[in-house]
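One structure below.
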Amino acid sequence: MSETMKHTPYVVIGNWKMNPKKRTEALSLVGAVKKNLRLVKTEVVFAPPFPFLGDVHKQISGSAYKLAGQDVSMFAFGAYTGSVSASMLKDVGATFVIIGHSEVRKTGRTDAELNASVKAVLEAKLVPVVCIGESVRDPQGDFFNVVENQIISIFKDIPASAMAHMVIAYEPVWAIGSGVNATPEDILEMKLFIQKTLVNLYGRAVAHKPRILYGGSVNQKNAAEILEIGVVNGFLVGGASLKSEEFRTIIKLTEQHAKNTTSS
Ligand code: PGA
């Protein structure tokens with residue numbers, strides 16, 4: 001991926017997790033989301049379960065919609081039962097890969113392994129969507145150290161040149177699937193903290209390049225406020241991405257916000 005390659009300023013990713021149960025339902029969901037939606041400033045990315053990737057890819061081909069893997073191995077190929085490599089994801093049409101989602105971290109995936117996965121994804125010329133976020137918001141503010149350490153580990157030896165296309169999703173674990181989102185003010189504070197941490201690692205010019213998303217109980221009611229006050233570049237959406245009308249509303253709000261805040 002070249003440094004000069006353009007991407008939209010905003011991105012909305014639907015992380016379907018282990019849903020829906022059937023391929024036919026997956027295809028109807030994509031069809032319903034896509035219907036008559038014209039997007040200029042926002043990339044919309046579907047992250048279906050692995051077995052549905054190929055079919056979803058066929059359904060979005062020729063459109064502006066993109067495909068993501070929900071997870072990826074740090075290895076290129078070989079005797080790793082149950083694993084999927086970055087080049088396999090690319091081969092079935094994925095252009096994004098979610099790395100280090102908290103539900104994956106919970107299975108024991110280490111920071112070093114996630115760092116190796118980021119390298120594998122970059123090697124395959126795909127866009128990493130790196131998930132970070134604290135499990136608890138302690139009153140002493142230790143959660144800032146947690147997030148800082150996650151960033152330092154996951155970007156270890158990742159060159160500055162890779163940051164232009166990087167996507168970082170701030171997903172506080174306590175907000176995922178709980179119905180309680182982080183406040184837009186706290187999201188803004190964390191976004192600035194993430195950028196400050198990147199300034200320390202890469203310098204000021206590079207630190208502002210990654211698109212920073214918010215994830216955790218995003219819905220059609222809180223999306224506009226999070227965009228406005230939280231100043232994020234979009235969302236990683238779980239539950240609400242399975243409801244076509246609600247997901248469309250989130251996408252439309254993001255596109256509208258993008259049009260209002262970015263030059264053509
Ligand atoms: P949620 O999930 O929107 O259902 O909270 C977000 C995520 O896990 O990426």
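All residue names refer to the structure tokens as shown: chains lettered A, B, ... in order, residues numbered from 1 in each chain, ligands numbered from 1 in order.
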Chain A residues near ligand 1 within 8 Å, closest pair each, using only C-alpha atoms and all ligand atoms, as JSON lines:
{"residue": "A:Gly14", "atom": "CA", "partner": "ligand 1", "partner_atom_place_in_ligand_line": "9 (O)", "distance": 7.8}
{"residue": "A:Asn15", "atom": "CA", "partner": "ligand 1", "partner_atom_place_in_ligand_line": "9 (O)", "distance": 5.7}
{"residue": "A:Lys17", "atom": "CA", "partner": "ligand 1", "partner_atom_place_in_ligand_line": "8 (O)", "distance": 7.6}
{"residue": "A:His101", "atom": "CA", "partner": "ligand 1", "partner_atom_place_in_ligand_line": "9 (O)", "distance": 7.0}
{"residue": "A:Ser102", "atom": "CA", "partner": "ligand 1", "partner_atom_place_in_ligand_line": "8 (O)", "distance": 7.4}
{"residue": "A:Glu103", "atom": "CA", "partner": "ligand 1", "partner_atom_place_in_ligand_line": "8 (O)", "distance": 7.5}
{"residue": "A:Glu171", "atom": "CA", "partner": "ligand 1", "partner_atom_place_in_ligand_line": "9 (O)", "distance": 7.0}
{"residue": "A:Ala175", "atom": "CA", "partner": "ligand 1", "partner_atom_place_in_ligand_line": "5 (O)", "distance": 6.0}
{"residue": "A:Ile176", "atom": "CA", "partner": "ligand 1", "partner_atom_place_in_ligand_line": "5 (O)", "distance": 3.4}
{"residue": "A:Gly177", "atom": "CA", "partner": "ligand 1", "partner_atom_place_in_ligand_line": "5 (O)", "distance": 3.5}
{"residue": "A:Ser178", "atom": "CA", "partner": "ligand 1", "partner_atom_place_in_ligand_line": "5 (O)", "distance": 6.3}
{"residue": "A:Gly179", "atom": "CA", "partner": "ligand 1", "partner_atom_place_in_ligand_line": "5 (O)", "distance": 6.8}
{"residue": "A:Asn181", "atom": "CA", "partner": "ligand 1", "partner_atom_place_in_ligand_line": "5 (O)", "distance": 7.8}
{"residue": "A:Gly215", "atom": "CA", "partner": "ligand 1", "partner_atom_place_in_ligand_line": "6 (C)", "distance": 5.1}
{"residue": "A:Gly216", "atom": "CA", "partner": "ligand 1", "partner_atom_place_in_ligand_line": "5 (O)", "distance": 3.7}
{"residue": "A:Ser217", "atom": "CA", "partner": "ligand 1", "partner_atom_place_in_ligand_line": "5 (O)", "distance": 3.5}
{"residue": "A:Val218", "atom": "CA", "partner": "ligand 1", "partner_atom_place_in_ligand_line": "3 (O)", "distance": 5.1}
{"residue": "A:Asn219", "atom": "CA", "partner": "ligand 1", "partner_atom_place_in_ligand_line": "3 (O)", "distance": 7.4}
{"residue": "A:Leu236", "atom": "CA", "partner": "ligand 1", "partner_atom_place_in_ligand_line": "9 (O)", "distance": 5.2}
{"residue": "A:Val237", "atom": "CA", "partner": "ligand 1", "partner_atom_place_in_ligand_line": "3 (O)", "distance": 4.2}
{"residue": "A:Gly238", "atom": "CA", "partner": "ligand 1", "partner_atom_place_in_ligand_line": "3 (O)", "distance": 3.4}
{"residue": "A:Gly239", "atom": "CA", "partner": "ligand 1", "partner_atom_place_in_ligand_line": "4 (O)", "distance": 3.7}
{"residue": "A:Ala240", "atom": "CA", "partner": "ligand 1", "partner_atom_place_in_ligand_line": "3 (O)", "distance": 6.0}
{"residue": "A:Ser241", "atom": "CA", "partner": "ligand 1", "partner_atom_place_in_ligand_line": "3 (O)", "distance": 7.5}
Preceding selection exported with all heavy atoms as a compact mmCIF listing (two decimals), in the first residue's frame:
# COMPACT_ATOMS: atom_id res chain seq x y z
N GLY A 14 -18.75 -2.86 10.52
CA GLY A 14 -19.74 -3.71 11.18
C GLY A 14 -19.10 -5.03 11.56
O GLY A 14 -18.80 -5.84 10.69
N ASN A 15 -18.85 -5.21 12.85
CA ASN A 15 -18.25 -6.45 13.35
C ASN A 15 -19.39 -7.39 13.74
O ASN A 15 -19.99 -7.23 14.80
CB ASN A 15 -17.35 -6.13 14.56
CG ASN A 15 -16.81 -7.39 15.21
OD1 ASN A 15 -16.82 -8.47 14.61
ND2 ASN A 15 -16.32 -7.26 16.44
N LYS A 17 -19.29 -10.43 14.55
CA LYS A 17 -18.92 -11.49 15.51
C LYS A 17 -19.42 -12.85 14.97
O LYS A 17 -19.36 -13.06 13.76
CB LYS A 17 -19.46 -11.16 16.89
CG LYS A 17 -19.07 -9.73 17.30
CD LYS A 17 -19.36 -9.38 18.72
CE LYS A 17 -18.93 -7.95 18.95
NZ LYS A 17 -18.99 -7.54 20.33
N HIS A 101 -9.22 -7.64 18.99
CA HIS A 101 -10.52 -7.38 19.61
C HIS A 101 -10.51 -8.00 21.02
O HIS A 101 -9.91 -9.05 21.23
CB HIS A 101 -11.65 -7.99 18.76
CG HIS A 101 -13.00 -7.56 19.24
ND1 HIS A 101 -13.61 -8.14 20.34
CD2 HIS A 101 -13.84 -6.59 18.81
CE1 HIS A 101 -14.77 -7.54 20.54
NE2 HIS A 101 -14.93 -6.59 19.63
N SER A 102 -11.20 -7.36 21.96
CA SER A 102 -11.12 -7.84 23.35
C SER A 102 -11.63 -9.27 23.49
O SER A 102 -11.17 -10.02 24.36
CB SER A 102 -11.87 -6.91 24.28
OG SER A 102 -13.25 -6.97 24.01
N GLU A 103 -12.56 -9.68 22.60
CA GLU A 103 -13.06 -11.06 22.68
C GLU A 103 -11.99 -12.04 22.20
O GLU A 103 -12.01 -13.22 22.57
CB GLU A 103 -14.37 -11.19 21.88
CG GLU A 103 -15.52 -10.53 22.63
CD GLU A 103 -16.63 -9.97 21.75
OE1 GLU A 103 -16.76 -10.38 20.59
OE2 GLU A 103 -17.38 -9.10 22.25
N GLU A 171 -11.88 0.74 22.09
CA GLU A 171 -13.05 -0.01 22.53
C GLU A 171 -12.90 -0.38 24.00
O GLU A 171 -12.30 -1.42 24.32
CB GLU A 171 -13.18 -1.31 21.73
CG GLU A 171 -13.54 -1.11 20.28
CD GLU A 171 -14.35 -2.30 19.77
OE1 GLU A 171 -13.92 -3.44 19.94
OE2 GLU A 171 -15.42 -2.04 19.22
N ALA A 175 -17.65 -1.34 27.79
CA ALA A 175 -18.72 -0.74 26.97
C ALA A 175 -19.21 -1.69 25.88
O ALA A 175 -20.25 -1.45 25.26
CB ALA A 175 -18.22 0.55 26.34
N ILE A 176 -18.45 -2.77 25.63
CA ILE A 176 -18.80 -3.66 24.52
C ILE A 176 -19.99 -4.53 24.89
O ILE A 176 -19.95 -5.27 25.87
CB ILE A 176 -17.58 -4.53 24.12
CG1 ILE A 176 -16.46 -3.64 23.58
CG2 ILE A 176 -17.98 -5.59 23.10
CD1 ILE A 176 -15.17 -4.37 23.27
N GLY A 177 -21.04 -4.40 24.10
CA GLY A 177 -22.23 -5.24 24.29
C GLY A 177 -22.99 -4.97 25.58
O GLY A 177 -23.91 -5.71 25.92
N SER A 178 -22.62 -3.91 26.30
CA SER A 178 -23.23 -3.66 27.62
C SER A 178 -24.41 -2.70 27.55
O SER A 178 -25.16 -2.58 28.51
CB SER A 178 -22.17 -3.08 28.56
OG SER A 178 -21.80 -1.78 28.10
N GLY A 179 -24.52 -1.99 26.43
CA GLY A 179 -25.56 -0.96 26.33
C GLY A 179 -25.12 0.35 26.98
O GLY A 179 -25.86 1.32 26.97
N ASN A 181 -22.30 3.14 26.62
CA ASN A 181 -21.14 3.63 25.86
C ASN A 181 -20.30 4.57 26.72
O ASN A 181 -20.79 5.13 27.71
CB ASN A 181 -21.61 4.36 24.60
CG ASN A 181 -22.52 5.54 24.91
OD1 ASN A 181 -23.68 5.35 25.26
ND2 ASN A 181 -21.99 6.76 24.81
N GLY A 215 -15.59 2.21 19.55
CA GLY A 215 -16.48 1.05 19.56
C GLY A 215 -16.91 0.73 20.98
O GLY A 215 -16.14 0.91 21.93
N GLY A 216 -18.13 0.23 21.11
CA GLY A 216 -18.66 -0.12 22.43
C GLY A 216 -20.05 0.47 22.60
O GLY A 216 -20.19 1.64 22.92
N SER A 217 -21.08 -0.36 22.30
CA SER A 217 -22.48 0.06 22.44
C SER A 217 -22.82 1.29 21.61
O SER A 217 -23.60 2.15 22.04
CB SER A 217 -22.83 0.27 23.92
OG SER A 217 -22.72 -0.94 24.62
N VAL A 218 -22.24 1.38 20.41
CA VAL A 218 -22.62 2.46 19.48
C VAL A 218 -24.01 2.12 18.93
O VAL A 218 -24.28 0.96 18.58
CB VAL A 218 -21.61 2.57 18.32
CG1 VAL A 218 -22.10 3.56 17.26
CG2 VAL A 218 -20.25 2.98 18.85
N ASN A 219 -24.87 3.12 18.87
CA ASN A 219 -26.20 2.89 18.29
C ASN A 219 -26.66 4.15 17.56
O ASN A 219 -25.93 5.15 17.50
CB ASN A 219 -27.20 2.44 19.37
CG ASN A 219 -27.34 3.45 20.48
OD1 ASN A 219 -27.38 4.66 20.24
ND2 ASN A 219 -27.40 2.98 21.72
N LEU A 236 -16.49 1.26 15.21
CA LEU A 236 -16.51 -0.20 15.11
C LEU A 236 -17.78 -0.63 15.84
O LEU A 236 -17.90 -0.46 17.05
CB LEU A 236 -15.25 -0.79 15.76
CG LEU A 236 -15.06 -2.31 15.73
CD1 LEU A 236 -15.21 -2.89 14.34
CD2 LEU A 236 -13.69 -2.69 16.29
N VAL A 237 -18.72 -1.14 15.07
CA VAL A 237 -20.07 -1.39 15.60
C VAL A 237 -20.30 -2.90 15.69
O VAL A 237 -20.08 -3.62 14.72
CB VAL A 237 -21.15 -0.79 14.65
CG1 VAL A 237 -22.53 -0.92 15.27
CG2 VAL A 237 -20.83 0.67 14.33
N GLY A 238 -20.76 -3.36 16.84
CA GLY A 238 -21.08 -4.78 17.00
C GLY A 238 -22.57 -5.01 16.80
O GLY A 238 -23.07 -5.03 15.67
N GLY A 239 -23.30 -5.12 17.90
CA GLY A 239 -24.73 -5.47 17.88
C GLY A 239 -25.55 -4.68 16.87
O GLY A 239 -26.35 -5.26 16.12
N ALA A 240 -25.35 -3.37 16.83
CA ALA A 240 -26.18 -2.53 15.95
C ALA A 240 -25.88 -2.76 14.47
O ALA A 240 -26.68 -2.38 13.61
CB ALA A 240 -26.00 -1.05 16.31
N SER A 241 -24.75 -3.40 14.16
CA SER A 241 -24.44 -3.64 12.73
C SER A 241 -25.24 -4.82 12.18
O SER A 241 -25.23 -5.08 10.98
CB SER A 241 -22.94 -3.88 12.53
OG SER A 241 -22.56 -5.14 13.02
Alpha helix (DSSP H) per DSSP on the backbone: members of range 54-160 of chain A, as a PyMOL selection string: chain A and resi 54-60+86-91+102-105+111-123+142-154
Could you please determine the separation between CA of Lys252 in chain A and CA of Asp55 in chain A in Å, to one decimal place?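 Distance between the two atoms: 24.8 Å.
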Compile the contact shell of range 198-210 of chain A as a ChimeraX atom specification: residues with an atom at most 7 Å away, counting only C-alpha atoms, same-chain residues fewer than 2 positions apart removed. /A:160,163-168,194-196,212
May I have the residues within 12 Å of range 253-261 of chain A as a ChimeraX atom specification, using only C-alpha atoms and disregarding those fewer than 3 positions away in the same chain? /A:8-13,37-44,213,219-229,231-235,246-250,264
Next, the residues of the selection above should be written as a short mmCIF file (atom, residue, chain, number, x, y, z; two decimals), in the first residue's frame with N, CA and C atoms.
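Saved to result.cif:
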data_model
loop_
_atom_site.label_atom_id
_atom_site.label_comp_id
_atom_site.auth_asym_id
_atom_site.auth_seq_id
_atom_site.Cartn_x
_atom_site.Cartn_y
_atom_site.Cartn_z
N THR A 8 -10.79 7.42 2.62
CA THR A 8 -11.78 8.37 3.10
C THR A 8 -11.44 8.76 4.55
N PRO A 9 -11.87 9.97 4.96
CA PRO A 9 -11.53 10.37 6.33
C PRO A 9 -12.28 9.57 7.40
N TYR A 10 -13.40 8.98 7.01
CA TYR A 10 -14.22 8.26 8.01
C TYR A 10 -14.43 6.80 7.59
N VAL A 11 -14.60 5.96 8.58
CA VAL A 11 -14.84 4.53 8.30
C VAL A 11 -15.79 3.97 9.36
N VAL A 12 -16.75 3.19 8.89
CA VAL A 12 -17.68 2.51 9.80
C VAL A 12 -17.57 1.01 9.52
N ILE A 13 -17.23 0.26 10.57
CA ILE A 13 -17.03 -1.18 10.40
C ILE A 13 -18.10 -1.93 11.18
N LEU A 37 -27.59 3.51 -0.90
CA LEU A 37 -26.75 4.33 -0.03
C LEU A 37 -25.53 4.78 -0.82
N ARG A 38 -25.43 6.09 -1.04
CA ARG A 38 -24.27 6.60 -1.78
C ARG A 38 -23.32 7.28 -0.81
N LEU A 39 -22.08 6.82 -0.82
CA LEU A 39 -21.12 7.33 0.17
C LEU A 39 -19.91 7.92 -0.51
N VAL A 40 -19.47 9.05 -0.02
CA VAL A 40 -18.31 9.72 -0.60
C VAL A 40 -17.17 9.83 0.42
N LYS A 41 -17.53 10.13 1.65
CA LYS A 41 -16.51 10.43 2.67
C LYS A 41 -16.33 9.30 3.68
N THR A 42 -17.14 8.27 3.54
CA THR A 42 -17.14 7.20 4.55
C THR A 42 -16.96 5.84 3.89
N GLU A 43 -15.99 5.09 4.39
CA GLU A 43 -15.87 3.69 3.95
C GLU A 43 -16.74 2.84 4.87
N VAL A 44 -17.48 1.92 4.29
CA VAL A 44 -18.27 1.00 5.11
C VAL A 44 -17.69 -0.40 4.92
N LEU A 213 -11.17 5.24 15.67
CA LEU A 213 -12.60 4.93 15.78
C LEU A 213 -12.98 4.71 17.24
N ASN A 219 -24.87 3.12 18.87
CA ASN A 219 -26.20 2.89 18.29
C ASN A 219 -26.66 4.15 17.56
N GLN A 220 -27.88 4.08 17.01
CA GLN A 220 -28.34 5.22 16.19
C GLN A 220 -28.61 6.46 17.05
N LYS A 221 -28.75 6.27 18.38
CA LYS A 221 -29.05 7.41 19.23
C LYS A 221 -27.78 8.14 19.68
N ASN A 222 -26.69 7.39 19.92
CA ASN A 222 -25.50 8.06 20.46
C ASN A 222 -24.45 8.41 19.39
N ALA A 223 -24.63 7.90 18.16
CA ALA A 223 -23.58 8.06 17.14
C ALA A 223 -23.27 9.53 16.83
N ALA A 224 -24.32 10.36 16.65
CA ALA A 224 -24.08 11.75 16.24
C ALA A 224 -23.28 12.50 17.30
N GLU A 225 -23.64 12.29 18.55
CA GLU A 225 -22.97 13.00 19.64
C GLU A 225 -21.51 12.55 19.78
N ILE A 226 -21.28 11.26 19.58
CA ILE A 226 -19.91 10.75 19.68
C ILE A 226 -19.05 11.33 18.55
N LEU A 227 -19.64 11.46 17.36
CA LEU A 227 -18.89 12.07 16.25
C LEU A 227 -18.59 13.53 16.53
N GLU A 228 -19.60 14.22 17.01
CA GLU A 228 -19.52 15.67 17.22
C GLU A 228 -18.55 16.02 18.35
N ILE A 229 -18.74 15.40 19.49
CA ILE A 229 -17.96 15.77 20.68
C ILE A 229 -16.72 14.89 20.83
N VAL A 231 -15.08 13.50 18.42
CA VAL A 231 -14.20 13.79 17.27
C VAL A 231 -13.45 12.55 16.76
N VAL A 232 -14.17 11.43 16.73
CA VAL A 232 -13.56 10.21 16.17
C VAL A 232 -13.82 10.15 14.66
N ASN A 233 -13.09 9.26 14.00
CA ASN A 233 -13.21 9.14 12.53
C ASN A 233 -14.15 8.01 12.13
N GLY A 234 -15.05 7.65 13.03
CA GLY A 234 -16.01 6.60 12.70
C GLY A 234 -16.14 5.60 13.83
N PHE A 235 -16.68 4.43 13.48
CA PHE A 235 -17.07 3.47 14.52
C PHE A 235 -16.72 2.03 14.17
N GLU A 246 -30.77 0.27 11.56
CA GLU A 246 -29.97 0.99 12.57
C GLU A 246 -28.54 1.23 12.05
N PHE A 247 -27.98 0.21 11.41
CA PHE A 247 -26.62 0.36 10.88
C PHE A 247 -26.60 1.43 9.78
N ARG A 248 -27.63 1.42 8.95
CA ARG A 248 -27.73 2.46 7.89
C ARG A 248 -27.80 3.85 8.51
N THR A 249 -28.54 3.98 9.60
CA THR A 249 -28.63 5.31 10.24
C THR A 249 -27.26 5.74 10.74
N ILE A 250 -26.53 4.82 11.35
CA ILE A 250 -25.18 5.16 11.86
C ILE A 250 -24.28 5.57 10.69
N SER A 264 -13.80 19.15 0.39
CA SER A 264 -13.99 18.16 -0.69
C SER A 264 -12.67 17.69 -1.27
#
Could you check how far CA of Val33 in chain A sits from CA of Gln59 in chain A, in Å to one decimal?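 Separation of CA of Val33 in chain A and CA of Gln59 in chain A: 11.6 Å.
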Find the residues near Pro128 in chain A: any atom within 12 Å, counting only C-alpha atoms, skip ones fewer than 5 places away on the same chain, and give them as an MDAnalysis selection string. chainID A and resid 1 68:72 86 94:101 114:123 154:155 158 162:169 210:212
Env of Glu189 in chain A: 8 Å cut, atoms = only C-alpha atoms, seq-sep filter 4 positions within chain, self excluded. Answer as a PDB file with C-alpha atoms, in the first residue's frame.
ATOM      1  CA  GLU A 185     -16.124  13.699  26.425  1.00  0.00           C
ATOM      2  CA  PHE A 193      -4.270  10.475  24.750  1.00  0.00           C
ATOM      3  CA  GLY A 230     -15.728  12.693  20.616  1.00  0.00           C
TER       4      GLY A 230
END
Pick the closest to Lys34 in chain A from A:Val180, A:Ile187, A:Ala64, A:Ala47: which is it, counting only C-alpha atoms?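 Checking each of A:Val180, A:Ile187, A:Ala64, A:Ala47 against Lys34 in chain A, counting only C-alpha atoms, the winner is A:Ala64.
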Straight-line distance linking CA of Ile60 in chain A with CA of Leu242 in chain A, stated in Å to one decimal: 16.5 Å
As a list in words, please: every residue in range 49-250 of chain A that DSSP puts in strand (DSSP E). Lys66, Leu67, Ala68, Gly69, Phe96, Val97, Ile98, Ile99, Val127, Pro128, Val129, Val130, Cys131, Ile132, Val167, Ile168, Ala169, Tyr170, Arg211, Ile212, Leu213, Tyr214, Gly215, Gly234, Phe235, Leu236 and Val237 of chain A
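Nearest-residue note for Lys106 in chain A: choosing from A:Leu89, A:Val127, A:Val173, A:Val136, the minimum distance belongs to A:Val173, counting only C-alpha atoms.
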Which of these, A:Val84, A:Met18, A:Val92, A:Ala32, has the shortest distance to Leu53 in chain A once you count only C-alpha atoms? A:Val92
Return the single residue from A:Asn149, A:Thr24, A:Lys156, A:Tyr214 that is closest to Thr183 in chain A, with distances computed using only C-alpha atoms.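 For Thr183 in chain A, the nearest of the given residues is A:Tyr214.
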